[in-house]
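Peer 1: This is work24.txt (compact mmCIF, C-alpha atoms and all ligand atoms).
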# COMPACT_ATOMS: atom_id res chain seq x y z
CA MET A 771 32.56 31.05 -80.86
CA ASN A 772 35.52 32.33 -78.89
CA ASN A 773 36.51 35.69 -80.31
CA PRO A 774 35.07 38.88 -78.77
CA SER A 775 32.76 39.76 -81.67
CA ASN A 776 31.21 36.29 -81.54
CA LYS A 777 30.69 36.79 -77.85
CA PHE A 778 28.87 40.02 -78.55
CA ILE A 779 26.72 38.28 -81.15
CA LYS A 780 25.93 35.51 -78.74
CA ASP A 781 25.05 37.87 -75.91
CA THR A 782 22.79 39.97 -78.11
CA ILE A 783 20.96 36.96 -79.44
CA LEU A 784 20.54 35.45 -76.04
CA LYS A 785 19.15 38.69 -74.70
CA LEU A 786 16.64 39.06 -77.49
CA LEU A 787 15.74 35.47 -78.00
CA GLY A 788 16.15 33.95 -74.57
CA ALA A 789 12.42 33.66 -74.21
CA ILE A 790 11.75 31.84 -77.44
CA GLY A 791 14.59 29.39 -78.01
CA SER A 792 17.21 27.40 -76.13
CA GLU A 793 20.81 28.57 -76.12
CA LYS A 794 21.93 25.40 -77.89
CA GLU A 795 19.45 25.85 -80.70
CA ILE A 796 20.33 29.49 -81.19
CA ASN A 797 24.08 28.77 -81.27
CA LYS A 798 23.52 26.07 -83.84
CA TYR A 799 21.85 28.54 -86.20
CA ILE A 800 24.37 31.32 -85.64
CA GLU A 801 27.10 28.93 -86.67
CA LYS A 802 25.18 27.72 -89.71
CA PHE A 803 24.27 31.18 -90.93
CA SER A 804 27.72 32.71 -90.36
CA SER A 805 29.50 30.06 -92.39
CA PRO A 806 32.05 31.64 -94.75
CA GLU A 807 31.23 29.04 -97.41
CA GLN A 808 27.71 30.18 -98.21
CA ARG A 809 25.93 33.54 -98.14
CA PHE A 810 23.34 33.78 -95.41
CA ALA A 811 20.08 34.80 -97.09
CA VAL A 812 18.15 36.59 -99.75
CA ILE A 813 15.03 38.20 -98.27
CA LYS A 814 12.14 39.19 -100.49
CA VAL A 815 9.95 41.84 -98.92
CA GLY A 816 6.49 42.23 -100.43
CA GLY A 817 5.24 45.74 -101.19
CA SER A 818 2.33 45.49 -98.77
CA VAL A 819 4.72 44.60 -95.93
CA ILE A 820 6.51 47.89 -96.54
CA GLU A 821 3.19 49.69 -96.60
CA ASN A 822 1.70 48.05 -93.50
CA ASP A 823 4.49 46.66 -91.36
CA LEU A 824 7.60 48.76 -91.93
CA GLU A 825 8.44 49.09 -88.27
CA ASN A 826 8.62 45.34 -87.58
CA LEU A 827 10.46 44.82 -90.84
CA ILE A 828 13.14 47.31 -89.90
CA SER A 829 13.54 46.00 -86.34
CA SER A 830 13.95 42.44 -87.54
CA LEU A 831 16.53 43.46 -90.16
CA VAL A 832 18.40 45.65 -87.68
CA PHE A 833 18.42 42.73 -85.29
CA LEU A 834 20.08 40.52 -87.92
CA ASN A 835 22.59 43.28 -88.54
CA GLN A 836 23.35 43.50 -84.84
CA VAL A 837 24.19 39.84 -84.65
CA GLY A 838 26.51 40.19 -87.65
CA LEU A 839 24.33 38.64 -90.35
CA LYS A 840 24.00 40.52 -93.64
CA PRO A 841 21.08 39.47 -95.81
CA VAL A 842 20.48 40.63 -99.38
CA ILE A 843 17.11 42.41 -99.55
CA LEU A 844 14.90 42.55 -102.62
CA HIS A 845 11.65 44.43 -102.33
CA GLY A 846 8.44 44.81 -104.30
CA ALA A 847 6.13 47.81 -104.46
CA GLY A 848 3.08 46.41 -106.27
CA PRO A 849 0.30 47.98 -104.17
CA MET A 850 2.02 51.39 -104.14
CA LEU A 851 2.47 51.24 -107.90
CA SER A 852 -1.19 50.33 -108.49
CA LYS A 853 -2.22 53.23 -106.29
CA ALA A 854 0.08 55.71 -108.06
CA LEU A 855 -1.26 54.58 -111.44
CA GLU A 856 -4.85 54.96 -110.25
CA ASP A 857 -4.06 58.47 -108.96
CA LYS A 858 -2.72 59.37 -112.38
CA ASN A 859 -5.66 57.70 -114.17
CA ILE A 860 -3.37 55.31 -115.97
CA ASP A 861 -5.00 51.96 -116.78
CA PHE A 862 -3.09 48.78 -116.08
CA SER A 863 -3.57 45.03 -116.35
CA PHE A 864 -1.74 41.79 -115.66
CA ILE A 865 -0.88 38.71 -117.69
CA ASP A 866 -0.04 35.66 -115.51
CA GLY A 867 0.83 37.85 -112.55
CA GLN A 868 3.09 40.18 -114.56
CA ARG A 869 2.10 43.81 -115.03
CA VAL A 870 1.60 44.92 -118.62
CA THR A 871 4.00 47.86 -118.78
CA SER A 872 3.58 50.69 -121.24
CA ILE A 873 6.21 53.40 -121.28
CA GLU A 874 3.97 55.52 -119.00
CA VAL A 875 3.54 52.64 -116.53
CA ARG A 876 7.27 52.00 -116.67
CA ASP A 877 8.10 55.60 -115.73
CA VAL A 878 5.70 55.57 -112.78
CA ALA A 879 7.06 52.14 -111.73
CA TYR A 880 10.60 53.48 -111.76
CA SER A 881 9.71 56.40 -109.56
CA VAL A 882 7.63 54.29 -107.13
CA PHE A 883 10.34 51.60 -106.87
CA SER A 884 13.03 54.23 -106.24
CA LYS A 885 10.95 55.94 -103.56
CA THR A 886 10.13 52.64 -101.83
CA ASN A 887 13.76 51.60 -102.00
CA LYS A 888 14.88 54.86 -100.39
CA LYS A 889 12.34 54.46 -97.63
CA ILE A 890 13.79 51.08 -96.63
CA VAL A 891 17.41 52.25 -96.86
CA ASP A 892 16.72 55.43 -94.87
CA SER A 893 14.83 53.52 -92.16
CA LEU A 894 17.67 51.01 -91.82
CA GLU A 895 20.29 53.74 -91.62
CA ALA A 896 18.22 55.66 -89.08
CA GLN A 897 18.52 52.58 -86.85
CA GLY A 898 22.28 52.42 -87.29
CA ALA A 899 22.52 49.69 -89.95
CA ASN A 900 24.63 50.27 -93.08
CA ALA A 901 22.45 49.82 -96.13
CA LYS A 902 23.06 50.49 -99.81
CA SER A 903 20.39 51.31 -102.32
CA VAL A 904 20.60 49.32 -105.57
CA THR A 905 18.15 50.47 -108.22
CA SER A 906 20.19 49.76 -111.34
CA ASP A 907 22.92 47.58 -112.84
CA VAL A 908 21.87 44.27 -111.30
CA PHE A 909 19.41 42.62 -113.67
CA GLU A 910 20.50 42.55 -117.27
CA CYS A 911 17.37 41.89 -119.32
CA VAL A 912 15.81 41.65 -122.73
CA MET A 913 12.29 42.73 -123.64
CA ASP A 914 11.05 39.53 -125.18
CA ASN A 915 7.30 39.64 -124.76
CA ALA A 916 5.54 42.26 -126.85
CA ASP A 917 2.27 41.75 -124.93
CA LEU A 918 3.96 42.74 -121.68
CA GLY A 919 5.76 45.78 -123.08
CA TYR A 920 8.55 47.26 -120.98
CA VAL A 921 9.00 44.15 -118.85
CA GLY A 922 12.45 42.64 -118.54
CA SER A 923 13.18 38.99 -118.92
CA ILE A 924 16.33 38.45 -116.87
CA GLN A 925 19.41 37.26 -118.75
CA SER A 926 22.07 37.71 -116.10
CA VAL A 927 22.47 38.96 -112.55
CA ASN A 928 25.45 41.11 -111.59
CA HIS A 929 26.27 39.28 -108.37
CA GLN A 930 29.69 40.87 -108.23
CA LEU A 931 28.10 44.21 -107.41
CA ILE A 932 26.09 42.60 -104.60
CA ASN A 933 29.14 40.81 -103.25
CA GLU A 934 31.07 44.07 -103.17
CA ILE A 935 28.33 45.71 -101.12
CA LEU A 936 28.24 42.78 -98.68
CA GLU A 937 32.02 42.83 -98.39
CA SER A 938 31.94 46.52 -97.55
CA ASP A 939 29.70 45.50 -94.63
CA SER A 940 26.51 46.98 -96.02
CA ILE A 941 23.10 45.46 -96.64
CA PRO A 942 22.20 45.63 -100.32
CA VAL A 943 18.58 46.76 -100.80
CA ILE A 944 17.62 45.91 -104.36
CA ALA A 945 14.65 47.13 -106.42
CA PRO A 946 13.17 44.90 -109.14
CA ILE A 947 14.37 47.11 -111.97
CA GLY A 948 16.09 45.70 -115.03
CA PHE A 949 17.99 47.22 -117.89
CA GLN A 950 18.64 46.53 -121.54
CA ASP A 951 21.41 48.82 -122.74
CA LYS A 952 20.19 52.19 -121.50
CA GLU A 953 16.51 51.22 -121.34
CA ILE A 954 14.95 50.71 -117.91
CA LEU A 955 12.57 47.74 -117.53
CA ASN A 956 10.00 46.62 -115.01
CA ILE A 957 10.43 43.15 -113.45
CA ASN A 958 8.04 41.15 -111.29
CA ALA A 959 9.68 41.08 -107.83
CA ASP A 960 9.10 37.34 -107.28
CA ILE A 961 10.75 36.51 -110.58
CA ALA A 962 13.64 38.84 -109.74
CA THR A 963 14.00 37.10 -106.36
CA VAL A 964 14.22 33.65 -107.95
CA GLU A 965 16.99 34.80 -110.31
CA LEU A 966 18.80 36.63 -107.53
CA VAL A 967 18.73 33.56 -105.29
CA LYS A 968 20.08 31.40 -108.11
CA ALA A 969 22.94 33.85 -108.63
CA ILE A 970 23.82 34.25 -104.95
CA ASN A 971 23.24 30.64 -103.87
CA PRO A 972 22.42 31.51 -100.24
CA TYR A 973 21.68 29.20 -97.36
CA LYS A 974 18.14 30.58 -97.10
CA ALA A 975 15.61 32.35 -99.28
CA ILE A 976 13.04 34.16 -97.16
CA PHE A 977 9.73 35.60 -98.29
CA LEU A 978 8.29 38.15 -95.90
CA SER A 979 4.57 38.59 -96.37
CA ASP A 980 1.57 39.94 -94.46
CA THR A 981 0.11 36.48 -93.93
CA GLY A 982 3.40 34.89 -92.86
CA GLY A 983 3.12 31.44 -94.44
CA ILE A 984 1.05 28.91 -96.36
CA PHE A 985 -2.22 27.84 -94.76
CA ASN A 986 -4.21 24.60 -95.06
CA GLN A 987 -7.94 24.22 -95.76
CA ARG A 988 -8.76 24.80 -92.09
CA GLY A 989 -6.85 28.07 -92.10
CA GLN A 990 -3.98 26.62 -90.04
CA LEU A 991 -0.40 27.50 -90.84
CA ILE A 992 1.52 24.66 -92.50
CA PRO A 993 4.85 24.69 -90.60
CA ASN A 994 6.82 22.41 -92.95
CA ILE A 995 6.60 21.40 -96.57
CA ASN A 996 8.80 18.60 -97.86
CA LEU A 997 8.60 18.98 -101.64
CA ALA A 998 9.89 15.48 -102.46
CA LEU A 999 6.91 14.05 -100.59
CA GLU A 1000 4.21 16.68 -100.78
CA TYR A 1001 4.54 18.83 -103.89
CA ASP A 1002 2.27 16.87 -106.25
CA GLU A 1003 -0.35 16.36 -103.56
CA LEU A 1004 -0.38 20.06 -102.62
CA MET A 1005 -0.62 21.27 -106.20
CA GLN A 1006 -3.81 19.22 -106.62
CA GLN A 1007 -5.57 20.74 -103.64
CA GLU A 1008 -8.51 22.99 -104.43
CA TRP A 1009 -8.06 25.00 -101.25
CA LEU A 1010 -4.59 26.19 -102.31
CA HIS A 1011 -5.35 29.28 -104.36
CA SER A 1012 -3.66 29.94 -107.67
CA GLY A 1013 -1.33 32.66 -106.34
CA MET A 1014 0.06 30.24 -103.77
CA LYS A 1015 0.37 27.48 -106.37
CA LEU A 1016 2.41 29.82 -108.53
CA LYS A 1017 4.60 30.71 -105.58
CA LEU A 1018 5.11 27.06 -104.69
CA GLU A 1019 6.03 26.30 -108.29
CA GLN A 1020 8.64 29.08 -108.22
CA ILE A 1021 9.96 27.88 -104.88
CA LYS A 1022 10.26 24.35 -106.22
CA SER A 1023 12.23 25.55 -109.23
CA LEU A 1024 14.50 27.40 -106.82
CA LEU A 1025 15.07 24.49 -104.50
CA ASP A 1026 15.64 22.12 -107.43
CA PHE A 1027 18.46 24.44 -108.40
CA LEU A 1028 20.04 24.99 -104.96
CA PRO A 1029 21.99 22.47 -102.84
CA LYS A 1030 19.85 20.20 -100.68
CA THR A 1031 20.89 22.05 -97.51
CA ALA A 1032 19.14 25.23 -98.70
CA SER A 1033 15.62 26.11 -97.62
CA VAL A 1034 12.89 28.65 -98.16
CA SER A 1035 10.98 30.26 -95.29
CA ILE A 1036 7.79 32.25 -95.61
CA THR A 1037 7.13 34.32 -92.54
CA GLU A 1038 6.10 37.78 -91.37
CA PRO A 1039 8.59 40.42 -90.23
CA ILE A 1040 7.87 40.18 -86.52
CA ASN A 1041 8.46 36.41 -86.54
CA LEU A 1042 11.66 36.45 -88.56
CA PRO A 1043 14.06 36.02 -85.59
CA LYS A 1044 12.02 33.12 -84.24
CA GLU A 1045 11.86 31.50 -87.67
CA LEU A 1046 15.61 31.79 -88.13
CA PHE A 1047 16.96 30.92 -84.69
CA THR A 1048 14.70 28.15 -83.42
CA ASP A 1049 14.07 24.60 -84.63
CA SER A 1050 10.32 24.92 -84.64
CA GLY A 1051 10.41 28.37 -86.31
CA SER A 1052 7.39 30.52 -86.96
CA GLY A 1053 6.20 30.41 -90.54
CA THR A 1054 6.30 27.84 -93.35
CA LEU A 1055 9.64 26.15 -94.02
CA ILE A 1056 9.98 24.57 -97.45
CA LYS A 1057 12.77 22.15 -98.25
CA HIS A 1058 13.61 20.03 -101.22
CA GLY A 1059 13.27 17.19 -98.77
CA TYR A 1060 13.99 13.51 -98.85
CA SER A 1061 11.84 10.54 -99.66
CA VAL A 1062 10.87 8.09 -96.99
CA LEU A 1063 11.41 4.34 -97.41
CA GLN A 1064 9.66 1.57 -95.55
CA TYR A 1065 11.59 -1.50 -94.44
CA GLN A 1066 11.03 -4.78 -92.71
CA LEU A 1067 13.80 -5.06 -90.20
CA THR A 1068 15.39 -8.19 -91.53
CA GLU A 1069 18.39 -6.57 -93.18
CA LYS A 1070 21.37 -6.05 -90.92
CA ASP A 1071 22.40 -2.67 -92.36
CA VAL A 1072 18.89 -1.27 -91.92
CA GLN A 1073 19.11 -2.33 -88.27
CA LYS A 1074 22.44 -0.57 -87.99
CA GLN A 1075 21.19 2.68 -89.59
CA PHE A 1076 18.08 2.61 -87.43
CA THR A 1077 20.13 2.06 -84.25
CA ASN A 1078 22.41 4.95 -85.16
CA ILE A 1079 19.49 7.36 -85.66
CA ILE A 1080 17.72 6.30 -82.46
CA GLU A 1081 20.85 6.37 -80.28
CA LYS A 1082 21.82 9.82 -81.53
CA SER A 1083 18.28 11.16 -81.11
CA PHE A 1084 17.76 9.82 -77.63
CA GLY A 1085 21.34 10.08 -76.39
CA GLY A 1086 21.22 6.49 -75.07
CA LYS A 1087 21.74 2.88 -76.08
CA LEU A 1088 19.13 0.78 -77.85
CA VAL A 1089 18.52 -2.42 -75.86
CA ASP A 1090 20.17 -5.52 -77.35
CA ASP A 1091 16.93 -7.45 -77.80
CA PHE A 1092 15.17 -4.65 -79.72
CA PHE A 1093 15.32 -6.62 -82.96
CA GLU A 1094 14.35 -9.92 -81.39
CA ASN A 1095 11.09 -10.18 -83.34
CA PRO A 1096 11.96 -8.18 -86.44
CA ASN A 1097 8.87 -9.42 -88.25
CA ASP A 1098 6.70 -7.41 -85.89
CA LEU A 1099 8.55 -4.19 -86.68
CA ASP A 1100 7.94 -1.85 -89.52
CA ILE A 1101 10.59 0.81 -90.10
CA PHE A 1102 10.25 4.13 -91.92
CA MET A 1103 13.46 5.99 -92.69
CA THR A 1104 14.29 9.10 -94.70
CA THR A 1105 16.70 8.45 -97.58
CA CYS A 1106 19.19 10.78 -95.86
CA LYS A 1107 19.17 8.33 -92.90
CA ARG A 1108 18.66 11.01 -90.29
CA ALA A 1109 15.07 10.36 -89.18
CA SER A 1110 13.25 7.13 -88.49
CA ILE A 1111 10.03 5.71 -87.07
CA ALA A 1112 9.52 2.15 -85.80
CA ILE A 1113 6.00 0.74 -85.60
CA SER A 1114 5.60 -2.40 -83.54
CA ASN A 1115 2.80 -4.76 -84.52
CA ASP A 1116 2.84 -7.17 -81.60
CA PHE A 1117 -0.30 -5.66 -80.04
CA LYS A 1118 -3.82 -5.52 -81.52
CA ILE A 1119 -3.32 -1.85 -82.45
CA PRO A 1120 -0.04 -0.61 -83.99
CA TYR A 1121 2.28 1.01 -81.45
CA MET A 1122 4.81 3.68 -82.47
CA ASP A 1123 7.77 2.36 -80.54
CA LYS A 1124 10.37 4.88 -81.69
CA PHE A 1125 10.35 8.24 -83.45
CA GLY A 1126 13.78 9.83 -83.80
CA VAL A 1127 15.39 12.73 -85.65
CA ILE A 1128 19.14 13.17 -85.07
CA PRO A 1129 19.95 16.47 -83.27
CA GLU A 1130 21.78 18.08 -86.23
CA ALA A 1131 18.75 17.59 -88.47
CA LYS A 1132 16.18 19.15 -86.13
CA GLY A 1133 14.33 22.09 -87.70
CA GLU A 1134 14.52 20.68 -91.24
CA GLY A 1135 11.03 19.27 -91.28
CA LEU A 1136 12.20 15.64 -91.52
CA GLY A 1137 10.07 14.60 -88.54
CA ALA A 1138 6.89 16.06 -90.06
CA GLY A 1139 7.69 14.42 -93.42
CA ILE A 1140 8.27 10.96 -92.05
CA TRP A 1141 5.20 11.23 -89.80
CA HIS A 1142 3.09 12.12 -92.84
CA GLU A 1143 4.32 9.04 -94.75
CA MET A 1144 3.87 6.68 -91.81
CA ARG A 1145 0.27 7.87 -91.34
CA LYS A 1146 -0.62 6.92 -94.89
CA VAL A 1147 0.17 3.30 -93.96
CA TYR A 1148 -1.05 3.40 -90.34
CA PRO A 1149 -4.25 5.39 -89.87
CA GLN A 1150 -4.46 3.96 -86.34
CA VAL A 1151 -1.49 4.22 -83.99
CA PHE A 1152 -0.63 5.06 -80.38
CA TRP A 1153 2.59 5.97 -78.60
CA ARG A 1154 4.05 7.32 -75.38
CA SER A 1155 6.52 10.03 -74.48
CA ARG A 1156 8.12 11.12 -71.21
CA ALA A 1157 6.14 13.87 -69.49
CA ASN A 1158 9.03 16.35 -69.76
CA ASN A 1159 10.03 15.61 -73.37
CA PRO A 1160 10.13 18.87 -75.41
CA ILE A 1161 8.76 16.98 -78.42
CA ASN A 1162 5.38 16.80 -76.66
CA ASN A 1163 4.28 20.10 -78.23
CA PHE A 1164 4.74 18.54 -81.64
CA TYR A 1165 2.92 15.39 -80.51
CA MET A 1166 0.05 17.49 -79.17
CA SER A 1167 -0.26 19.14 -82.59
CA ILE A 1168 -0.46 15.84 -84.49
CA CYS A 1169 -2.37 13.54 -82.10
CA GLU A 1170 -6.12 13.16 -81.89
CA GLY A 1171 -6.11 12.41 -78.19
CA CYS A 1172 -3.73 12.34 -75.25
CA GLN A 1173 -3.72 11.10 -71.68
CA LYS A 1174 -1.20 12.66 -69.33
CA GLN A 1175 0.14 10.51 -66.53
CA ASP A 1176 2.97 11.29 -64.10
CA GLU A 1177 5.77 9.57 -65.97
CA TRP A 1178 4.32 9.20 -69.46
CA HIS A 1179 2.03 11.01 -71.84
CA ILE A 1180 0.13 8.63 -74.09
CA PHE A 1181 -0.99 9.88 -77.50
CA TRP A 1182 -3.10 8.31 -80.22
CA ILE A 1183 -4.72 8.78 -83.61
CA GLY A 1184 -7.60 6.90 -85.19
CA ILE A 1185 -8.73 5.13 -82.00
CA SER A 1186 -12.18 6.02 -80.80
CA ASP A 1187 -13.26 2.83 -79.07
CA TYR A 1188 -12.96 3.49 -75.35
CA SER A 1189 -12.11 -0.05 -74.22
CA ALA A 1190 -9.47 -0.45 -76.96
CA LEU A 1191 -8.00 2.86 -75.85
CA LYS A 1192 -7.85 1.67 -72.25
CA ASP A 1193 -5.90 -1.41 -73.34
CA CYS A 1194 -3.56 0.73 -75.41
CA ILE A 1195 -2.82 3.02 -72.49
CA GLU A 1196 -2.12 0.09 -70.24
CA TYR A 1197 0.15 -1.48 -72.84
CA ALA A 1198 2.05 1.78 -73.35
CA VAL A 1199 2.55 2.49 -69.66
CA ASN A 1200 3.87 -0.99 -68.95
CA LYS A 1201 6.10 -1.34 -71.99
CA PRO A 1202 9.74 -1.82 -70.85
CA LYS A 1203 12.25 0.86 -71.90
CA SER A 1204 13.98 0.28 -75.20
CA VAL A 1205 16.68 3.00 -74.90
CA ILE A 1206 18.83 2.97 -71.79
N1 LIG A 1301 15.54 27.97 -87.89
C1 LIG A 1301 15.53 27.00 -88.91
C2 LIG A 1301 15.73 27.63 -90.26
O1 LIG A 1301 15.59 28.81 -90.40
C3 LIG A 1301 14.28 26.16 -88.83
C4 LIG A 1301 13.02 26.88 -89.13
C5 LIG A 1301 11.81 26.01 -88.96
N2 LIG A 1301 10.65 26.70 -89.41
C6 LIG A 1301 9.46 26.17 -89.64
N3 LIG A 1301 8.51 26.98 -90.07
N4 LIG A 1301 9.24 24.90 -89.48
O2 LIG A 1301 16.08 26.97 -91.21
Would you mind writing the structure in this file as structure tokens?
Peer 2:
Amino acid sequence: MNNPSNKFIKDTILKLLGAIGSEKEINKYIEKFSSPEQRFAVIKVGGSVIENDLENLISSLVFLNQVGLKPVILHGAGPMLSKALEDKNIDFSFIDGQRVTSIEVRDVAYSVFSKTNKKIVDSLEAQGANAKSVTSDVFECVMDNADLGYVGSIQSVNHQLINEILESDSIPVIAPIGFQDKEILNINADIATVELVKAINPYKAIFLSDTGGIFNQRGQLIPNINLALEYDELMQQEWLHSGMKLKLEQIKSLLDFLPKTASVSITEPINLPKELFTDSGSGTLIKHGYSVLQYQLTEKDVQKQFTNIIEKSFGGKLVDDFFENPNDLDIFMTTCKRASIAISNDFKIPYMDKFGVIPEAKGEGLGAGIWHEMRKVYPQVFWRSRANNPINNFYMSICEGCQKQDEWHIFWIGISDYSALKDCIEYAVNKPKSVI
């Protein structure tokens, strides 16, 4: 972070993001995303975003450009294509989300994709970013489904061309157009994105949409999805509509293919900087994830791993007698050994004595994943946190009740009996410190 261009990057980010993230957090992500070992990101931009939110899209992309990050953009144009076909009185239909493409539809698609592509490139250039239009030569295809017509099934991706554009310091803006010899073919933009991501192997795949994430049955944004723990459960939910299920299935196939450090974010253009440069983000972050194991604390190496996680998370030392009554303790730990929860059972209601995620792993959704698993075992639990602890926002979002006192905030779930609650609060407030 010492050369002058890094200083410029840092200053720009701090100026723009100062209000939404801490300097430490932001620096962490700049370093991650600028790594020479892995490309930064492939960003899929839905057609309706271009139609309805072009201005925010362009500012967010220009912002990334200003801080020296070059994403690869792939865009759709579905709604514009449907409209153009309607205007020309050309009928169209879909099979499993893919547009049946006659030669007439194909020709209109080509012209709409090219126009949309130019609009993005021109808008980026007007704001001073170098962008390069790519409407051919990337997706080598075959036409292998007679029912779909002129739709390409991708055989190979010319990533060399994309790398050349990135190396010449331009942002490649790619249209979902394939080719087979000299024939031009239509490709579904989500499918093209999946293949592109597999070819480029970036740190992040980002889907920019109007809605900006995946929502639960109460209409609340789901901030993190850990596929190893939640995929099967989510796919069975009635409230998740079929389009989202399809998307999740595609995302899973992507993340199964990519290294475990990779992630997918779904967000809206205006929230892209916050999603990228803060731990809590703004959108839905999907990771391959890790499983969570539950231990009784009798094994020495589990004690050691637990101590390591807690000491790194809290920046202190775990008291020597913490494991004095190991039979009362129940430990949850991710298989990557970077997040852990300890539940103490020496009171009438289970007490969450420790909840730690090591600093380098913040923002990966490990905390939410391990919390989810612990809750399946403990529907009733209470805990405390220092009044000034930044994690309290997260605790507020997961607790069912909270009492704020000067030194401690006490949180709980599943406890409705008032006198039991009073005892819990008293127990929590008087509990001696376990990290010093
Ligand atoms: N900034 C990090 C990233 O882009 C973390 C994002 C967290 N986002 C979320 N929706 N939970 O990988």
Peer 1: Which is closest to A:Ile1128 among A:Glu910, A:Asp1026, A:Asp1002, A:Glu1081, if we use all atoms listed in the file?
Peer 2: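 Counting all atoms listed in the file, the residue closest to A:Ile1128 is A:Glu1081.
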Peer 1: Which of these, A:Glu1134, A:Asp857, A:Glu895, A:Asp1090, has the shortest distance to A:Val943 once you count all atoms listed in the file?
Peer 2: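 Counting all atoms listed in the file, the residue closest to A:Val943 is A:Glu895.
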Peer 1: Report, in Å with one decimal, the straight-line distance from atom CA of A:Asn900 to atom CA of A:Pro942.
Peer 2: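 Going from atom CA of A:Asn900 over to atom CA of A:Pro942 covers 8.9 Å.
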Peer 1: Write as a PyMOL selection string the residues around ligand LIG 1301 (chain A), taking 10 Å as the cut-off and counting all atoms listed in the file.
Peer 2: chain A and resi 795-796+798-800+802-803+973-976+982-984+991-995+1031-1037+1042-1057+1131-1136+1138
Peer 1: Using all atoms listed in the file, which residues sit within 12 Å of A:Asn915 once same-chain residues fewer than 4 positions away are excluded, as a PDB file with C-alpha atoms, in the frame of the given file?
Peer 2:
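Printed below is result.pdb as written:
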ATOM      1  CA  ILE A 865      -0.880  38.710-117.690  1.00  0.00           C
ATOM      2  CA  GLN A 868       3.090  40.180-114.560  1.00  0.00           C
ATOM      3  CA  ARG A 869       2.100  43.810-115.030  1.00  0.00           C
ATOM      4  CA  VAL A 870       1.600  44.920-118.620  1.00  0.00           C
ATOM      5  CA  THR A 871       4.000  47.860-118.780  1.00  0.00           C
ATOM      6  CA  CYS A 911      17.370  41.890-119.320  1.00  0.00           C
ATOM      7  CA  GLY A 919       5.760  45.780-123.080  1.00  0.00           C
ATOM      8  CA  TYR A 920       8.550  47.260-120.980  1.00  0.00           C
ATOM      9  CA  VAL A 921       9.000  44.150-118.850  1.00  0.00           C
ATOM     10  CA  GLY A 922      12.450  42.640-118.540  1.00  0.00           C
ATOM     11  CA  SER A 923      13.180  38.990-118.920  1.00  0.00           C
TER      12      SER A 923
END
Peer 1: So that I can see what lies close to A:Val1127, please list as an MDAnalysis selection string the residues with an atom at most 8 Å from it, counting all atoms listed in the file and leaving out residues fewer than 4 positions away in the same chain.
Peer 2: chainID A and resid 1079:1080 1083 1108:1110 1131:1132 1136:1137
Peer 1: Which distance in Å separates atom CA of A:Met1166 and atom CA of A:Val1205, to one decimal?
Peer 2: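 Computed distance, atom CA of A:Met1166 to atom CA of A:Val1205, equals 22.5 Å.
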Peer 1: Under the rule of at most 12 Å, produce a per-residue listing of stretch 892-1010 of chain A near stretch 1098-1106 of chain A: chain, number, name, the closest pair of atoms, and the distance in Å, as a Markdown table, using all atoms listed in the file.
Peer 2:
| residue | atom | partner | partner_atom | distance |
| --- | --- | --- | --- | --- |
| A:Asn996 | CA | A:Thr1104 | CA | 11.4 |
| A:Ala998 | CA | A:Thr1105 | CA | 10.9 |
| A:Leu999 | CA | A:Thr1104 | CA | 10.7 |
Peer 1: Excluding stretch 1156-1162 of chain A and any residue of its chain fewer than 2 positions from it, enumerate the residues within 6 Å of it, using all atoms listed in the file, and give them as a PyMOL selection string.
Peer 2: chain A and resi 1164-1166+1177-1179
Peer 1: Have a look at atom CA of A:Gly1184 and atom CA of A:Gly1171 and let me know their distance in Å, one decimal.
Peer 2: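 About the pair atom CA of A:Gly1184 and atom CA of A:Gly1171: they are 9.0 Å apart.
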Peer 1: Could you give me, as a Markdown table, every stretch 944-980 of chain A residue with an atom at most 8 Å from stretch 842-851 of chain A, plus its closest atom pair and distance in Å to one decimal, counting all atoms listed in the file, rows ordered by chain then number?
Peer 2:
| residue | atom | partner | partner_atom | distance |
| --- | --- | --- | --- | --- |
| A:Ile944 | CA | A:Leu844 | CA | 4.7 |
| A:Ala945 | CA | A:His845 | CA | 5.7 |
| A:Pro946 | CA | A:Gly846 | CA | 6.8 |
| A:Asn958 | CA | A:Gly846 | CA | 7.9 |
| A:Ala959 | CA | A:Gly846 | CA | 5.3 |
| A:Thr963 | CA | A:Leu844 | CA | 6.7 |
Peer 1: Hey, could you patch up stretch 1080-1085 of chain A with N, CA and C atoms and hand it over as a tab-separated table (two decimals), keeping the file's coordinate frame?
Peer 2:
chain	number	residue	atom	x	y	z
A	1080	ILE	N	18.41	6.29	-83.76
A	1080	ILE	CA	17.72	6.30	-82.46
A	1080	ILE	C	18.69	6.65	-81.33
A	1081	GLU	N	19.90	6.09	-81.38
A	1081	GLU	CA	20.85	6.37	-80.28
A	1081	GLU	C	21.28	7.83	-80.27
A	1082	LYS	N	21.46	8.39	-81.48
A	1082	LYS	CA	21.82	9.82	-81.53
A	1082	LYS	C	20.66	10.69	-81.06
A	1083	SER	N	19.44	10.33	-81.46
A	1083	SER	CA	18.28	11.16	-81.11
A	1083	SER	C	17.99	11.14	-79.62
A	1084	PHE	N	18.14	9.94	-79.03
A	1084	PHE	CA	17.76	9.82	-77.63
A	1084	PHE	C	18.94	9.94	-76.67
A	1085	GLY	N	20.15	9.99	-77.23
A	1085	GLY	CA	21.34	10.08	-76.39
A	1085	GLY	C	21.44	8.89	-75.44
